[in-house]
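**Student:** target25.txt is reproduced below (compact mmCIF, C-alpha atoms and all ligand atoms).
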# COMPACT_ATOMS: atom_id res chain seq x y z
CA MET S 1 0.00 0.00 0.00
CA ILE S 2 1.24 3.48 -0.80
CA LYS S 3 1.62 5.88 2.09
CA HIS S 4 0.32 9.36 1.32
CA LEU S 5 0.61 12.58 3.31
CA LEU S 6 -2.92 13.93 3.01
CA SER S 7 -3.34 15.34 6.49
CA ASP S 8 -1.53 15.66 9.80
CA PHE S 9 -3.28 12.48 10.92
CA ASP S 10 -1.19 10.45 8.46
CA LEU S 11 1.92 10.67 10.63
CA ASN S 12 2.14 9.17 14.09
CA ARG S 13 4.46 10.54 16.73
CA ASN S 14 7.33 8.20 15.85
CA GLU S 15 7.06 8.97 12.16
CA LEU S 16 7.05 12.69 12.97
CA ILE S 17 10.18 12.31 15.07
CA GLY S 18 11.79 10.35 12.23
CA ILE S 19 11.08 13.14 9.73
CA LEU S 20 12.34 15.80 12.15
CA ASN S 21 15.56 13.92 12.82
CA LEU S 22 16.12 13.39 9.11
CA ALA S 23 15.52 17.08 8.37
CA GLU S 24 18.06 18.06 11.04
CA GLU S 25 20.58 15.61 9.59
CA ILE S 26 20.04 16.88 6.01
CA LYS S 27 20.28 20.49 7.18
CA ARG S 28 23.66 19.70 8.77
CA ASN S 29 24.97 17.67 5.80
CA PRO S 30 23.13 18.79 2.66
CA THR S 31 25.78 17.57 0.20
CA LYS S 32 25.55 14.01 1.54
CA TYR S 33 22.02 13.88 0.07
CA SER S 34 22.81 15.52 -3.27
CA GLN S 35 22.01 12.35 -5.23
CA ALA S 36 19.41 10.84 -2.88
CA LEU S 37 16.59 11.25 -5.42
CA ALA S 38 18.66 11.20 -8.62
CA GLY S 39 16.50 10.52 -11.65
CA LYS S 40 13.24 11.03 -9.72
CA THR S 41 10.53 13.48 -10.66
CA LEU S 42 7.97 15.26 -8.50
CA ALA S 43 4.79 16.60 -10.10
CA MET S 44 3.61 19.76 -8.32
CA TYR S 45 -0.05 20.45 -9.05
CA PHE S 46 -1.41 23.83 -7.89
CA GLU S 47 -5.01 25.00 -7.85
CA LYS S 48 -3.95 27.99 -5.72
CA THR S 49 -1.06 30.44 -5.76
CA SER S 50 2.20 29.83 -3.86
CA THR S 51 5.62 31.33 -3.18
CA ARG S 52 7.22 29.14 -0.49
CA THR S 53 5.68 25.74 -1.10
CA ARG S 54 6.41 25.79 -4.78
CA VAL S 55 10.00 27.00 -4.50
CA SER S 56 10.98 24.97 -1.43
CA PHE S 57 9.72 21.73 -3.02
CA GLU S 58 11.35 22.50 -6.35
CA SER S 59 14.67 23.46 -4.73
CA ALA S 60 14.47 20.41 -2.48
CA MET S 61 14.10 18.11 -5.50
CA THR S 62 17.00 19.83 -7.30
CA GLN S 63 19.24 19.63 -4.23
CA LEU S 64 18.40 15.91 -3.85
CA GLY S 65 19.43 15.25 -7.45
CA GLY S 66 15.91 14.98 -8.85
CA GLN S 67 13.55 17.27 -10.67
CA ALA S 68 10.19 18.93 -10.05
CA ILE S 69 7.57 19.90 -12.62
CA TYR S 70 5.25 22.82 -11.83
CA LEU S 71 1.69 22.44 -13.02
CA GLU S 72 -0.80 25.24 -12.59
CA ALA S 73 -4.24 23.64 -12.69
CA ARG S 74 -5.69 26.36 -14.91
CA THR S 75 -3.11 25.67 -17.63
CA THR S 76 -3.71 21.91 -17.57
CA GLN S 77 -6.70 20.13 -19.11
CA ALA S 78 -8.40 20.46 -15.71
CA ALA S 79 -9.42 23.86 -17.04
CA LYS S 80 -11.34 22.04 -19.79
CA GLY S 81 -12.96 19.69 -17.30
CA GLU S 82 -10.55 16.74 -17.28
CA PRO S 83 -11.38 14.78 -14.09
CA LEU S 84 -8.83 14.98 -11.30
CA SER S 85 -8.75 11.20 -11.14
CA ASP S 86 -7.61 11.02 -14.78
CA ILE S 87 -4.96 13.64 -14.10
CA ALA S 88 -3.64 11.80 -11.04
CA LYS S 89 -3.54 8.48 -12.91
CA THR S 90 -1.62 10.08 -15.76
CA LEU S 91 0.87 11.90 -13.51
CA SER S 92 1.52 8.59 -11.72
CA ARG S 93 2.76 7.13 -15.00
CA TYR S 94 5.32 9.92 -15.52
CA CYS S 95 6.38 10.97 -12.05
CA ASP S 96 7.50 9.40 -8.79
CA ALA S 97 5.32 11.48 -6.48
CA ILE S 98 2.64 14.16 -6.64
CA MET S 99 2.50 17.22 -4.41
CA ALA S 100 -0.82 19.01 -4.76
CA ARG S 101 -2.27 22.28 -3.46
CA MET S 102 -6.05 22.03 -3.65
CA TYR S 103 -9.08 23.86 -2.36
CA LYS S 104 -10.99 20.79 -1.19
CA GLN S 105 -9.47 18.07 0.97
CA SER S 106 -11.85 15.66 -0.79
CA ASP S 107 -10.24 16.47 -4.15
CA LEU S 108 -6.80 15.63 -2.74
CA GLU S 109 -8.27 12.36 -1.48
CA ILE S 110 -9.68 11.61 -4.95
CA MET S 111 -6.18 11.99 -6.37
CA ALA S 112 -4.69 9.73 -3.71
CA GLN S 113 -7.35 7.04 -4.28
CA VAL S 114 -6.21 6.50 -7.87
CA ALA S 115 -2.54 7.56 -7.77
CA SER S 116 0.04 4.80 -7.89
CA VAL S 117 2.68 7.12 -6.37
CA PRO S 118 2.70 9.00 -3.04
CA VAL S 119 0.48 12.10 -2.88
CA ILE S 120 1.63 14.92 -0.59
CA ASN S 121 -0.65 17.71 0.65
CA GLY S 122 0.87 21.06 -0.32
CA LEU S 123 -2.11 22.81 1.40
CA THR S 124 -5.86 22.39 1.25
CA ASP S 125 -8.56 24.43 2.97
CA MET S 126 -8.42 21.83 5.74
CA PHE S 127 -4.71 21.12 6.40
CA HIS S 128 -1.16 22.28 5.65
CA PRO S 129 0.95 19.44 7.09
CA CYS S 130 4.25 20.29 5.34
CA GLN S 131 4.13 23.80 6.76
CA ILE S 132 3.61 22.59 10.31
CA LEU S 133 6.36 19.99 10.08
CA GLY S 134 8.77 22.80 9.18
CA ASP S 135 7.36 24.86 12.04
CA ILE S 136 7.94 22.07 14.54
CA LEU S 137 11.55 21.94 13.36
CA THR S 138 11.85 25.70 13.95
CA VAL S 139 10.36 25.58 17.45
CA LYS S 140 12.60 22.66 18.40
CA GLU S 141 15.68 24.55 17.18
CA LYS S 142 14.75 27.77 18.94
CA LEU S 143 13.39 26.44 22.25
CA GLY S 144 15.58 23.36 22.40
CA ASN S 145 12.51 21.19 23.11
CA LEU S 146 8.85 20.76 22.27
CA LYS S 147 7.43 21.71 25.65
CA GLY S 148 5.28 24.64 26.73
CA THR S 149 2.44 26.33 24.88
CA ILE S 150 1.88 27.58 21.35
CA ALA S 151 -0.97 30.07 20.86
CA PHE S 152 -2.57 30.51 17.47
CA PHE S 153 -4.54 33.74 16.88
CA GLY S 154 -7.08 34.12 14.08
CA ASP S 155 -9.30 31.86 12.01
CA CYS S 156 -9.19 28.50 13.79
CA ASP S 157 -11.41 26.75 11.25
CA PHE S 158 -8.80 26.61 8.50
CA ASN S 159 -5.67 24.82 7.37
CA ILE S 160 -2.91 26.32 9.55
CA ALA S 161 -4.86 26.21 12.80
CA HIS S 162 -6.00 22.64 12.15
CA SER S 163 -2.50 21.41 11.35
CA ILE S 164 -1.05 23.20 14.39
CA LEU S 165 -3.62 21.70 16.73
CA VAL S 166 -3.11 18.16 15.47
CA THR S 167 0.67 18.09 15.14
CA PHE S 168 1.91 20.32 17.96
CA SER S 169 -0.36 18.60 20.50
CA LYS S 170 0.78 15.18 19.25
CA MET S 171 4.38 16.28 19.80
CA GLY S 172 3.66 17.28 23.39
CA MET S 173 3.01 21.02 23.28
CA ASN S 174 -0.15 22.65 24.62
CA VAL S 175 -2.10 24.48 21.94
CA ASN S 176 -4.20 27.60 22.59
CA LEU S 177 -6.60 28.24 19.72
CA VAL S 178 -7.63 31.85 20.12
CA CYS S 179 -10.56 33.03 18.01
CA PRO S 180 -13.97 34.72 18.17
CA ASN S 181 -16.83 32.64 19.54
CA ILE S 182 -18.44 32.59 16.11
CA LYS S 183 -18.97 29.31 14.24
CA THR S 184 -17.00 30.47 11.16
CA TYR S 185 -13.80 30.69 13.19
CA LEU S 186 -14.16 27.78 15.62
CA PRO S 187 -11.98 24.74 14.89
CA ASN S 188 -13.60 21.81 13.12
CA GLU S 189 -15.09 19.58 15.82
CA GLU S 190 -14.19 16.30 14.12
CA ILE S 191 -10.56 17.39 13.86
CA ILE S 192 -10.45 18.44 17.54
CA LYS S 193 -11.99 15.14 18.60
CA LYS S 194 -9.57 13.05 16.57
CA ALA S 195 -6.59 15.20 17.59
CA ARG S 196 -7.40 14.72 21.29
CA GLU S 197 -7.16 10.95 20.87
CA GLU S 198 -3.46 11.28 20.02
CA ALA S 199 -2.62 14.50 21.88
CA ILE S 200 -0.02 14.61 24.60
CA GLY S 201 -0.37 18.37 25.07
CA LYS S 202 -3.67 20.08 25.91
CA ILE S 203 -5.86 21.73 23.28
CA ASN S 204 -7.61 24.85 24.62
CA ILE S 205 -10.16 26.95 22.75
CA ILE S 206 -10.01 30.52 24.05
CA HIS S 207 -11.92 33.63 23.01
CA ASP S 208 -10.18 36.31 25.06
CA PRO S 209 -6.92 37.25 23.28
CA LYS S 210 -5.18 38.28 26.51
CA THR S 211 -5.95 34.96 28.18
CA GLY S 212 -4.72 33.18 25.06
CA ALA S 213 -1.37 34.98 25.10
CA ARG S 214 -0.57 34.91 28.81
CA GLY S 215 2.69 33.07 29.53
CA VAL S 216 2.91 31.27 26.18
CA ASP S 217 6.18 30.23 24.53
CA VAL S 218 5.11 30.70 20.91
CA ILE S 219 2.67 33.11 19.27
CA TYR S 220 1.55 32.14 15.76
CA THR S 221 -0.79 33.87 13.37
CA ASP S 222 -1.99 33.58 9.79
CA THR S 223 -3.85 35.78 7.34
CA TRP S 224 -7.42 36.71 8.20
CA VAL S 225 -8.42 36.18 4.56
CA SER S 226 -7.15 32.85 3.25
CA MET S 227 -7.01 31.87 -0.40
CA GLY S 228 -10.60 31.39 -1.53
CA GLN S 229 -12.11 33.66 1.16
CA GLU S 230 -11.62 36.96 -0.67
CA ALA S 231 -15.37 37.63 -0.98
CA GLU S 232 -15.72 37.60 2.84
CA ALA S 233 -12.73 39.87 3.45
CA GLU S 234 -14.58 42.83 4.95
CA GLN S 235 -16.48 40.77 7.56
CA ARG S 236 -13.41 38.71 8.46
CA ILE S 237 -11.26 41.78 9.05
CA LYS S 238 -13.95 43.20 11.33
CA ASP S 239 -14.41 39.98 13.31
CA LEU S 240 -10.73 39.15 13.68
CA LYS S 241 -9.42 42.62 14.49
CA PRO S 242 -9.31 42.01 18.28
CA TYR S 243 -7.00 39.03 17.60
CA GLN S 244 -4.20 41.03 15.97
CA VAL S 245 -0.70 40.05 17.09
CA ASN S 246 0.77 43.37 18.25
CA SER S 247 3.29 44.49 20.87
CA GLU S 248 0.62 44.77 23.59
CA LEU S 249 -0.29 41.12 23.11
CA VAL S 250 3.34 40.01 22.89
CA LYS S 251 4.07 41.62 26.28
CA LEU S 252 1.69 39.14 27.94
CA ALA S 253 3.61 36.11 26.68
CA LYS S 254 6.78 34.62 28.13
CA LYS S 255 9.90 36.76 27.76
CA GLY S 256 11.62 35.72 24.52
CA VAL S 257 8.37 34.35 23.05
CA LEU S 258 8.80 33.15 19.45
CA ILE S 259 6.69 34.98 16.88
CA MET S 260 5.70 32.80 13.97
CA HIS S 261 3.73 33.27 10.75
CA CYS S 262 3.44 30.83 7.86
CA LEU S 263 3.45 33.74 5.35
CA PRO S 264 2.28 35.47 3.25
CA ALA S 265 1.72 38.13 5.94
CA TYR S 266 -0.40 41.25 5.81
CA ARG S 267 1.27 43.83 8.03
CA GLY S 268 -1.24 45.97 9.91
CA TYR S 269 -3.89 43.25 9.83
CA GLU S 270 -3.20 39.92 11.57
CA ILE S 271 0.23 41.15 12.73
CA THR S 272 1.85 44.56 13.08
CA ALA S 273 5.03 45.35 11.16
CA GLU S 274 6.74 46.06 14.47
CA VAL S 275 6.17 42.50 15.68
CA LEU S 276 6.68 40.74 12.34
CA ASP S 277 9.99 42.47 11.76
CA GLY S 278 10.90 42.68 15.46
CA PRO S 279 13.47 40.88 17.64
CA ASN S 280 11.22 37.95 18.66
CA SER S 281 10.28 37.06 15.10
CA VAL S 282 11.66 33.74 13.82
CA ILE S 283 9.66 34.00 10.62
CA TRP S 284 12.54 33.91 8.14
CA ASP S 285 14.15 30.89 9.79
CA GLN S 286 10.68 29.35 9.76
CA ALA S 287 10.43 30.00 6.01
CA GLU S 288 13.91 28.53 5.44
CA ASN S 289 13.00 25.37 7.29
CA ARG S 290 10.37 24.63 4.66
CA LEU S 291 13.27 23.62 2.39
CA HIS S 292 14.93 21.27 4.88
CA ILE S 293 11.69 19.63 5.93
CA GLN S 294 10.51 19.15 2.34
CA LYS S 295 13.67 17.13 1.70
CA ALA S 296 12.94 14.92 4.69
CA ILE S 297 9.30 14.54 3.62
CA LEU S 298 10.29 13.64 0.06
CA LEU S 299 12.82 11.06 1.24
CA THR S 300 10.45 9.55 3.79
CA PHE S 301 7.52 9.20 1.43
CA SER S 302 9.77 7.92 -1.32
CA LYS S 303 10.89 4.90 0.67
CA ASN S 304 8.58 2.37 -0.93
CA LYS S 305 7.61 3.47 -4.37
CA TRP S 306 10.55 5.66 -5.31
CA GLN S 307 13.22 3.03 -4.66
CA ARG S 308 12.18 1.00 -7.67
N1 LIG C 1 3.36 29.22 3.79
C1 LIG C 1 3.11 28.86 2.54
O1 LIG C 1 2.65 27.76 2.25
O2 LIG C 1 3.45 29.79 1.62
P1 LIG C 1 3.00 29.78 0.10
O3 LIG C 1 1.53 29.98 0.06
O4 LIG C 1 3.75 30.96 -0.50
O5 LIG C 1 3.40 28.49 -0.53
N1 LIG C 2 -4.42 30.10 5.57
C1 LIG C 2 -3.60 30.56 4.47
C2 LIG C 2 -2.28 29.88 4.49
C3 LIG C 2 -1.32 30.29 3.42
C4 LIG C 2 -0.04 29.51 3.45
C5 LIG C 2 -4.34 30.30 3.17
O1 LIG C 2 -4.90 29.21 3.04
O2 LIG C 2 -4.37 31.18 2.31
Can the structure in the file be given as structure tokens, please?
Ligand code: CP
Ligand code: NVA

**Tutor:**
Amino acid sequence: MIKHLLSDFDLNRNELIGILNLAEEIKRNPTKYSQALAGKTLAMYFEKTSTRTRVSFESAMTQLGGQAIYLEARTTQAAKGEPLSDIAKTLSRYCDAIMARMYKQSDLEIMAQVASVPVINGLTDMFHPCQILGDILTVKEKLGNLKGTIAFFGDCDFNIAHSILVTFSKMGMNVNLVCPNIKTYLPNEEIIKKAREEAIGKINIIHDPKTGARGVDVIYTDTWVSMGQEAEAEQRIKDLKPYQVNSELVKLAKKGVLIMHCLPAYRGYEITAEVLDGPNSVIWDQAENRLHIQKAILLTFSKNKWQR
């Protein structure tokens, strides 16, 4: 059976530790892995825009001796109505793995059902597992452990919040999900329920921003208007305004708190420029770690199928 990375639930704690250790090893000795995926090809299928995911995966493949092919859905025959299942079957015949950025989680699952190569989630509305794996690496490097509390501020019913709550809690950190008490922003109940089955850390849903920030080790935020939510921008900005990460909020956290953002960031909205570009921000190291973790993800998921 092929192992896919469709959501954060696809990796247990030991597998997560394995990927983290491998990423640290590759980061220390990149040249040792320069031929690790020689002759292999990754298809990168994007329904949405991207800066980091696209470039980190493509650079990762190049630096591992392989190659990546960028496919923008609207310039493939998907634009003419070709079914995703036909596309995934075809890509499986040419390439050794598929990384896909989709709107619907169910569309990613359709691809995985028919693909004969590993399918990796490069972001859906529901999850962004590759991002959070890189973030775990960053927190471990900066704090020296995966203890304490990470607080996420903003829309908790979307990809970044969901992946944080599943993966950070599984790795032992407490997770504060800080959002308005409005259904649109509350984390998906099924995901919370399933995450709690594996969680070592506590998952807390908090509506008061100050309570959410008090004494935490990591503050994390994401855009208030995710890809696909542009039509709701005005309402979202209004609802999420009290959850802005600014210097007042940061003062409530532990001294030396890490400030994280998956990017792209909108200064003056979910985070102030002062905080994003300030001394506690680890955002650029966080972005860099996408590259190292992608390599570890590619090598891990290649173990069965790619070694043919
Ligand atoms: N964080 C992240 O996934 O960035 P991109 O949307 O630029 O890929
Ligand atoms: N929640 C954001 C994440 C971008 C990496 C979005 O989906 O647009």

**Student:** Could I get the residues of range 97-189 of chain S with an atom no further than 7 Å from an atom of range 45-60 of chain S, each paired with its nearest atom pair and that distance in Å to one decimal, using all atoms listed in the file, sorted by chain and residue number, as a tab-separated table?

**Tutor:**
residue	atom	partner	partner_atom	distance
S:Met99	CA	S:Tyr45	CA	6.2
S:Ala100	CA	S:Tyr45	CA	4.6
S:Arg101	CA	S:Phe46	CA	4.8
S:Met102	CA	S:Glu47	CA	5.2
S:Tyr103	CA	S:Glu47	CA	6.9
S:Gly122	CA	S:Thr53	CA	6.8

**Student:** Pick the closest to Lys295 in chain S from S:Gly215, S:Asp10, S:Met61, S:Met44: which is it, counting only C-alpha atoms?

**Tutor:** S:Met61

**Student:** Dump the neighbourhood of ligand LIG 2 (chain C) as a ChimeraX atom specification: all residues within 9 Å, distances computed on all atoms listed in the file.

**Tutor:** /S:48-53,103,123-128,131,155,158-161,222-229,262-265

**Student:** Given the point (-7.9, 17.6, 14.6) in the file's coordinates, find the residues that have an atom at most 8 Å from it, counting only C-alpha atoms, and give them as a list in words.

**Tutor:** Phe9, His162, Ser163, Leu165, Val166, Asn188, Glu189, Glu190, Ile191, Ile192, Lys193, Lys194, Ala195 and Arg196 of chain S

**Student:** So, with only C-alpha atoms and all ligand atoms as the atoms that count, which of S:Ile283, S:Cys95, S:Ala79, S:Cys156 lies closest to ligand LIG 1 (chain C)?

**Tutor:**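 Answer, going by the shortest atom-to-atom distance: S:Ile283.
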
**Student:** Smallest atom-to-atom distance to Tyr33 in chain S: which of S:Ile2, S:Ile120, S:Leu64, S:Ile19, using only C-alpha atoms?

**Tutor:**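 Of S:Ile2, S:Ile120, S:Leu64, S:Ile19, the one nearest Tyr33 in chain S is S:Leu64, counting only C-alpha atoms.
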
**Student:** What is the CA of Lys27 in chain S-CA of Leu276 in chain S distance in Å, reported with one decimal?

**Tutor:**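 Separating CA of Lys27 in chain S from CA of Leu276 in chain S is a distance of 24.9 Å.
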
**Student:** Pick out the closest residue to Lys40 in chain S from this set: S:Arg13, S:Glu25, S:Ala97, S:Val117. Count only C-alpha atoms.

**Tutor:**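 Smallest separation from Lys40 in chain S among the options: S:Ala97.
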
**Student:** Have a look at CA of Val216 in chain S and CA of Lys241 in chain S and let me know their distance in Å, one decimal.

**Tutor:**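 The value is 20.4 Å.
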
**Student:** Pick from S:Ser169, S:Leu5, S:Asp217, S:Ile164: nearest to Glu109 in chain S, with all atoms listed in the file counted?

**Tutor:**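 Of the candidates, the smallest distance to Glu109 in chain S is held by S:Leu5.
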
**Student:** Would you mind telling me which residue in S:Leu177, S:Leu37, S:Leu6, S:Met171 lies nearest to Ala68 in chain S when using only C-alpha atoms?

**Tutor:** S:Leu37

**Student:** So which residues fall inside 8 Å of (8.8, 21.3, 22.3) if we count all atoms listed in the file? Mind giving them as a PyMOL selection string?

**Tutor:** chain S and resi 136+139-140+143-148+171-173

**Student:** Could you put an axis-aligned box around every listed atom of ligand LIG 1 (chain C), padded by 6 Å on each side, and send me its centre and edge lengths in Å to one decimal, as AutoDock Vina command-line options?

**Tutor:**
--center_x 2.6 --center_y 29.4 --center_z 1.6 --size_x 14.2 --size_y 15.2 --size_z 16.3

**Student:** So that I can see what lies close to Ile87 in chain S, please list as a count of residues only the residues with an atom at most 9 Å from it, counting all atoms listed in the file and leaving out residues fewer than 5 positions away in the same chain.

**Tutor:** 5

**Student:** I'd like the contact shell of range 243-256 of chain S - 8 Å cut-off, only C-alpha atoms, skipping same-chain residues fewer than 3 positions apart - returned as number ranges by chain.

**Tutor:** S: 153-154, 178-179, 209-210, 213-217, 219, 221, 240, 269-272, 274-275, 280

**Student:** Dump C-alpha atoms for the selected residues as a PDB file, in the frame of the given file?

**Tutor:**
ATOM      1  CA  PHE S 153      -4.540  33.740  16.880  1.00  0.00           C
ATOM      2  CA  GLY S 154      -7.080  34.120  14.080  1.00  0.00           C
ATOM      3  CA  VAL S 178      -7.630  31.850  20.120  1.00  0.00           C
ATOM      4  CA  CYS S 179     -10.560  33.030  18.010  1.00  0.00           C
ATOM      5  CA  PRO S 209      -6.920  37.250  23.280  1.00  0.00           C
ATOM      6  CA  LYS S 210      -5.180  38.280  26.510  1.00  0.00           C
ATOM      7  CA  ALA S 213      -1.370  34.980  25.100  1.00  0.00           C
ATOM      8  CA  ARG S 214      -0.570  34.910  28.810  1.00  0.00           C
ATOM      9  CA  GLY S 215       2.690  33.070  29.530  1.00  0.00           C
ATOM     10  CA  VAL S 216       2.910  31.270  26.180  1.00  0.00           C
ATOM     11  CA  ASP S 217       6.180  30.230  24.530  1.00  0.00           C
ATOM     12  CA  ILE S 219       2.670  33.110  19.270  1.00  0.00           C
ATOM     13  CA  THR S 221      -0.790  33.870  13.370  1.00  0.00           C
ATOM     14  CA  LEU S 240     -10.730  39.150  13.680  1.00  0.00           C
ATOM     15  CA  TYR S 269      -3.890  43.250   9.830  1.00  0.00           C
ATOM     16  CA  GLU S 270      -3.200  39.920  11.570  1.00  0.00           C
ATOM     17  CA  ILE S 271       0.230  41.150  12.730  1.00  0.00           C
ATOM     18  CA  THR S 272       1.850  44.560  13.080  1.00  0.00           C
ATOM     19  CA  GLU S 274       6.740  46.060  14.470  1.00  0.00           C
ATOM     20  CA  VAL S 275       6.170  42.500  15.680  1.00  0.00           C
ATOM     21  CA  ASN S 280      11.220  37.950  18.660  1.00  0.00           C
TER      22      ASN S 280
END

**Student:** To one decimal place, how far is CA of Leu186 in chain S from CA of Asp157 in chain S in Å?

**Tutor:**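 So the two atoms, CA of Leu186 in chain S and CA of Asp157 in chain S, lie 5.3 Å apart.
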
**Student:** Quick one: everything within 8 Å of Asn204 in chain S, counting all atoms listed in the file, minus sequence neighbours fewer than 4 positions away in the same chain. Send it as a PDB file with C-alpha atoms, in the coordinates of the input.

**Tutor:**
ATOM      1  CA  ASN S 174      -0.150  22.650  24.620  1.00  0.00           C
ATOM      2  CA  VAL S 175      -2.100  24.480  21.940  1.00  0.00           C
ATOM      3  CA  ASN S 176      -4.200  27.600  22.590  1.00  0.00           C
ATOM      4  CA  LEU S 177      -6.600  28.240  19.720  1.00  0.00           C
TER       5      LEU S 177
END
